[in-house]
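All remarks here apply to the structure that follows.
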Amino acid sequence: MITASTYGAPNWVDLTTPDIEAATTFYRRLFDWDVETSVTPMGDYHIGKVDGMQVAGMMQATPEMGDMPAWTVFINIENIDETIDRARAAGGTILQEPIDIPDGQVAVVADPAGAMFGLYSGIRPDEVWISRDAGRVSWVETLTRDPTASEGFYIAVFDWKAETQDYERTRYTTFMLDDEQVAGMMMMPDSVPSEAPSHWAVYFTVDDCDQAVERAIELGGKALGPVMEFDMGRFAVMSDPQGAVFQLMEYAE
């Protein structure tokens, strides 16, 4: 079973934003999160929780980070220096060398297609993190402009296996770790503006996608397209009031 402590699996997401007060209010009201704040060397860190389970982090962007809000997916690894060496060898770019945080180390990497993600090395609960429970992260995937380069990179760095299927409108790759699904990958949809870079997407579970879209809009967010359906359920691509993009996912019963 994949848990938050499994090496090679995504185990955290966090948001950097130019307006942390507005962002925490938005996500707390949208997902009914309890928000807990702790003081770190990098500033206050706000953690959204559901039923006592940590879901995601949020922090004020520093000048070095720029003012572009974004969600970042973190992948749990055992040795951060060895993983960085593998990432470089596989064509990745190190955007942030390892830094110490209270419970470990983190670094930021871009894959060969330019999608940014984080590496995390430290202590995490041995509990299931990806969940279909409402308000929690249910899936992560990379939308890439170079599927071949991206697939080869993640296989080389994390020892993932790739299973690709053809659907009516696209090809979808599921990355596997020890025969369990850990992440997905697809070609950037034609509907996405050409200036948008390859990136990782974060899906949050909701009970009713239409109601969640309406609620997000009421709170100042935007729908970046219509609610879409596929065999697993219904989803929508959204942005929060500061412009950070995220996904809502309602699973079919």
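Chain lettering (A, B, ...) mirrors the order of the structure tokens, residue numbering begins at 1 for each chain separately, and ligand numbering begins at 1 in order of display.
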Hey, which bits of range 47-77 of chain A sit within 10 Å of range 158-172 of chain A, and for each residue what's the closest pair of atoms and how far apart in Å (one decimal), counting only C-alpha atoms, rows by chain and increasing number, as CSV?
residue,atom,partner,partner_atom,distance
A:Ile75,CA,A:Phe158,CA,9.1
A:Asn76,CA,A:Phe158,CA,9.7
A:Ile77,CA,A:Phe158,CA,8.4
With 12 Å as the cut-off and only C-alpha atoms counted, what is the closest atom pair between each nearby residue of range 74-117 of chain A and range 42-51 of chain A? Distances in Å to one decimal, ordered by chain and number, as CSV.
residue,atom,partner,partner_atom,distance
A:Ile99,CA,A:Met42,CA,10.3
A:Asp100,CA,A:Met42,CA,10.0
A:Ile101,CA,A:Met42,CA,8.4
A:Pro102,CA,A:Met42,CA,10.3
Resulting file, chosen residues, N, CA and C atoms, as a CSV table (one decimal), in the first residue's frame:
chain,number,residue,atom,x,y,z
A,99,ILE,N,17.3,22.4,0.7
A,99,ILE,CA,17.3,23.2,1.9
A,99,ILE,C,16.7,22.5,3.1
A,100,ASP,N,17.1,22.8,4.3
A,100,ASP,CA,16.6,22.2,5.5
A,100,ASP,C,15.3,22.8,5.9
A,101,ILE,N,14.3,21.9,6.2
A,101,ILE,CA,13.1,22.3,6.8
A,101,ILE,C,12.9,21.6,8.2
A,102,PRO,N,12.0,21.9,9.0
A,102,PRO,CA,11.9,21.3,10.3
A,102,PRO,C,11.9,19.8,10.4
*Enumerate the residues of range 39-226 of chain A with a DSSP assignment of strand (DSSP E or B), computed from the backbone, and present them as a PyMOL selection string.*
chain A and resi 39-40+43-50+53-60+70-76+93-101+104-110+116-122+137-144+161-166+171-177+180-187+199-205+222-223
*Write out as number ranges by chain which residues come within 10 Å of Ala107 in chain A when counting only C-alpha atoms, dropping same-chain ones fewer than 6 positions away.*
A: 74, 80-81, 84, 94-100, 117-121
Write the residues of the selection above to a file with C-alpha atoms, as a tab-separated table (two decimals), in the first residue's frame.
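After the write, part.tsv holds the following:
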chain	number	residue	atom	x	y	z
A	74	PHE	CA	6.38	16.75	-3.86
A	80	ILE	CA	17.97	13.80	-1.79
A	81	ASP	CA	21.52	14.18	-3.11
A	84	ILE	CA	19.29	15.12	-7.65
A	94	ILE	CA	17.69	21.76	-10.38
A	95	LEU	CA	15.75	24.93	-9.62
A	96	GLN	CA	16.34	24.88	-5.88
A	97	GLU	CA	19.20	23.01	-4.26
A	98	PRO	CA	18.32	21.10	-1.06
A	99	ILE	CA	17.35	23.23	1.91
A	100	ASP	CA	16.61	22.15	5.46
A	117	PHE	CA	8.03	19.49	-8.90
A	118	GLY	CA	9.54	19.08	-5.46
A	119	LEU	CA	11.65	16.42	-3.77
A	120	TYR	CA	11.04	15.67	-0.12
A	121	SER	CA	13.35	13.72	2.17
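Here the question is which of A:Met185, A:Ile130, A:Met59, A:Val108 gets nearest to Phe204 in chain A using only C-alpha atoms, and that residue is A:Ile130.
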_Nearest to Thr142 in chain A by atom-to-atom distance, counting only C-alpha atoms, from A:Thr173, A:Thr205, A:Thr25, A:Ser194_ = A:Thr173
*Please, what distance in Å, to one decimal, runs between CA of Phe230 in chain A and CA of Gln54 in chain A?*
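Computing the Euclidean distance for CA of Phe230 in chain A and CA of Gln54 in chain A yields 28.5 Å.
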*When distances are computed from only C-alpha atoms, which of A:Val13, A:Ala113, A:Val157, A:Ala56 shows the smallest separation from Arg86 in chain A?*
A:Val157
*For CA of Thr144 in chain A and CA of Glu180 in chain A, determine how far apart the two atoms are, in Å to one decimal place.*
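Between CA of Thr144 in chain A and CA of Glu180 in chain A the gap works out to 21.9 Å.
Counting from CA of Trp71 in chain A, the distance to CA of Thr40 in chain A is 19.0 Å.
Closest approach to Val202 in chain A among A:Ser138, A:Gln181, A:Ser5, A:Thr17: A:Ser138, based on only C-alpha atoms.
Shortest separation to Asp240 in chain A among A:Tyr203, A:Trp139, A:Phe175, A:Phe26 occurs at residue A:Phe26, atoms counted being only C-alpha atoms.
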*as a PyMOL selection string, list the residues of range 115-180 of chain A assigned to helix (DSSP H, G or I) by DSSP on the backbone atoms of this structure.*
chain A and resi 147-158
Output the selection as an mmCIF file, in the first residue's frame - all heavy atoms for each residue.
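Once everything was written out, this is out.cif:
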data_model
loop_
_atom_site.group_PDB
_atom_site.id
_atom_site.type_symbol
_atom_site.label_atom_id
_atom_site.label_comp_id
_atom_site.auth_asym_id
_atom_site.auth_seq_id
_atom_site.Cartn_x
_atom_site.Cartn_y
_atom_site.Cartn_z
ATOM 1 N N PRO A 147 5.898 14.144 -24.136
ATOM 2 C CA PRO A 147 5.633 12.926 -23.385
ATOM 3 C C PRO A 147 6.794 11.935 -23.378
ATOM 4 O O PRO A 147 7.052 11.284 -22.357
ATOM 5 C CB PRO A 147 4.410 12.325 -24.094
ATOM 6 C CG PRO A 147 3.764 13.472 -24.786
ATOM 7 C CD PRO A 147 4.886 14.379 -25.191
ATOM 8 N N THR A 148 7.510 11.825 -24.481
ATOM 9 C CA THR A 148 8.612 10.863 -24.538
ATOM 10 C C THR A 148 9.711 11.225 -23.551
ATOM 11 O O THR A 148 10.197 10.391 -22.786
ATOM 12 C CB THR A 148 9.183 10.792 -25.961
ATOM 13 O OG1 THR A 148 8.152 10.394 -26.872
ATOM 14 C CG2 THR A 148 10.320 9.787 -26.029
ATOM 15 N N ALA A 149 10.110 12.500 -23.551
ATOM 16 C CA ALA A 149 11.157 12.942 -22.633
ATOM 17 C C ALA A 149 10.699 12.847 -21.190
ATOM 18 O O ALA A 149 11.460 12.428 -20.304
ATOM 19 C CB ALA A 149 11.574 14.378 -22.960
ATOM 20 N N SER A 150 9.449 13.227 -20.929
ATOM 21 C CA SER A 150 8.942 13.189 -19.558
ATOM 22 C C SER A 150 8.872 11.761 -19.040
ATOM 23 O O SER A 150 9.294 11.468 -17.907
ATOM 24 C CB SER A 150 7.555 13.838 -19.495
ATOM 25 O OG SER A 150 7.621 15.208 -19.825
ATOM 26 N N GLU A 151 8.358 10.853 -19.838
ATOM 27 C CA GLU A 151 8.243 9.461 -19.405
ATOM 28 C C GLU A 151 9.614 8.878 -19.085
ATOM 29 O O GLU A 151 9.806 8.257 -18.024
ATOM 30 C CB GLU A 151 7.565 8.628 -20.491
ATOM 31 C CG GLU A 151 7.432 7.162 -20.125
ATOM 32 C CD GLU A 151 6.712 6.363 -21.198
ATOM 33 O OE1 GLU A 151 5.685 6.864 -21.716
ATOM 34 O OE2 GLU A 151 7.174 5.251 -21.515
ATOM 35 N N GLY A 152 10.563 9.080 -19.969
ATOM 36 C CA GLY A 152 11.899 8.543 -19.728
ATOM 37 C C GLY A 152 12.535 9.106 -18.480
ATOM 38 O O GLY A 152 13.228 8.405 -17.737
ATOM 39 N N PHE A 153 12.290 10.386 -18.217
ATOM 40 C CA PHE A 153 12.846 11.040 -17.036
ATOM 41 C C PHE A 153 12.325 10.412 -15.749
ATOM 42 O O PHE A 153 13.105 10.040 -14.858
ATOM 43 C CB PHE A 153 12.496 12.529 -17.074
ATOM 44 C CG PHE A 153 12.890 13.292 -15.843
ATOM 45 C CD1 PHE A 153 14.180 13.766 -15.687
ATOM 46 C CD2 PHE A 153 11.958 13.551 -14.840
ATOM 47 C CE1 PHE A 153 14.549 14.483 -14.552
ATOM 48 C CE2 PHE A 153 12.312 14.260 -13.708
ATOM 49 C CZ PHE A 153 13.616 14.728 -13.562
ATOM 50 N N TYR A 154 11.015 10.279 -15.619
ATOM 51 C CA TYR A 154 10.445 9.774 -14.360
ATOM 52 C C TYR A 154 10.755 8.289 -14.146
ATOM 53 O O TYR A 154 10.939 7.852 -12.997
ATOM 54 C CB TYR A 154 8.946 10.052 -14.317
ATOM 55 C CG TYR A 154 8.660 11.538 -14.215
ATOM 56 C CD1 TYR A 154 8.168 12.250 -15.307
ATOM 57 C CD2 TYR A 154 8.936 12.233 -13.045
ATOM 58 C CE1 TYR A 154 7.941 13.617 -15.232
ATOM 59 C CE2 TYR A 154 8.716 13.604 -12.957
ATOM 60 C CZ TYR A 154 8.223 14.289 -14.049
ATOM 61 O OH TYR A 154 8.014 15.646 -13.965
ATOM 62 N N ILE A 155 10.861 7.540 -15.216
ATOM 63 C CA ILE A 155 11.274 6.149 -15.091
ATOM 64 C C ILE A 155 12.702 6.070 -14.561
ATOM 65 O O ILE A 155 13.016 5.279 -13.668
ATOM 66 C CB ILE A 155 11.146 5.433 -16.446
ATOM 67 C CG1 ILE A 155 9.670 5.250 -16.809
ATOM 68 C CG2 ILE A 155 11.852 4.076 -16.409
ATOM 69 C CD1 ILE A 155 9.447 4.716 -18.210
ATOM 70 N N ALA A 156 13.583 6.921 -15.103
ATOM 71 C CA ALA A 156 14.990 6.891 -14.711
ATOM 72 C C ALA A 156 15.210 7.384 -13.284
ATOM 73 O O ALA A 156 16.036 6.836 -12.543
ATOM 74 C CB ALA A 156 15.819 7.737 -15.685
ATOM 75 N N VAL A 157 14.469 8.412 -12.882
ATOM 76 C CA VAL A 157 14.721 9.035 -11.580
ATOM 77 C C VAL A 157 14.057 8.279 -10.441
ATOM 78 O O VAL A 157 14.646 8.087 -9.373
ATOM 79 C CB VAL A 157 14.255 10.503 -11.585
ATOM 80 C CG1 VAL A 157 14.422 11.130 -10.198
ATOM 81 C CG2 VAL A 157 15.043 11.304 -12.617
ATOM 82 N N PHE A 158 12.828 7.798 -10.649
ATOM 83 C CA PHE A 158 12.061 7.212 -9.545
ATOM 84 C C PHE A 158 11.774 5.713 -9.713
ATOM 85 O O PHE A 158 11.054 5.133 -8.894
ATOM 86 C CB PHE A 158 10.740 7.962 -9.376
ATOM 87 C CG PHE A 158 10.930 9.422 -9.063
ATOM 88 C CD1 PHE A 158 10.505 10.395 -9.960
ATOM 89 C CD2 PHE A 158 11.538 9.830 -7.889
ATOM 90 C CE1 PHE A 158 10.683 11.741 -9.686
ATOM 91 C CE2 PHE A 158 11.730 11.171 -7.605
ATOM 92 C CZ PHE A 158 11.295 12.133 -8.507
#
_Please determine, counting only C-alpha atoms, which residue among A:Met68, A:Ala61, A:Ala252, A:Val55 has the shortest atom-to-atom distance to Trp12 in chain A._
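With only C-alpha atoms as the atom set, the closest residue is A:Val55.
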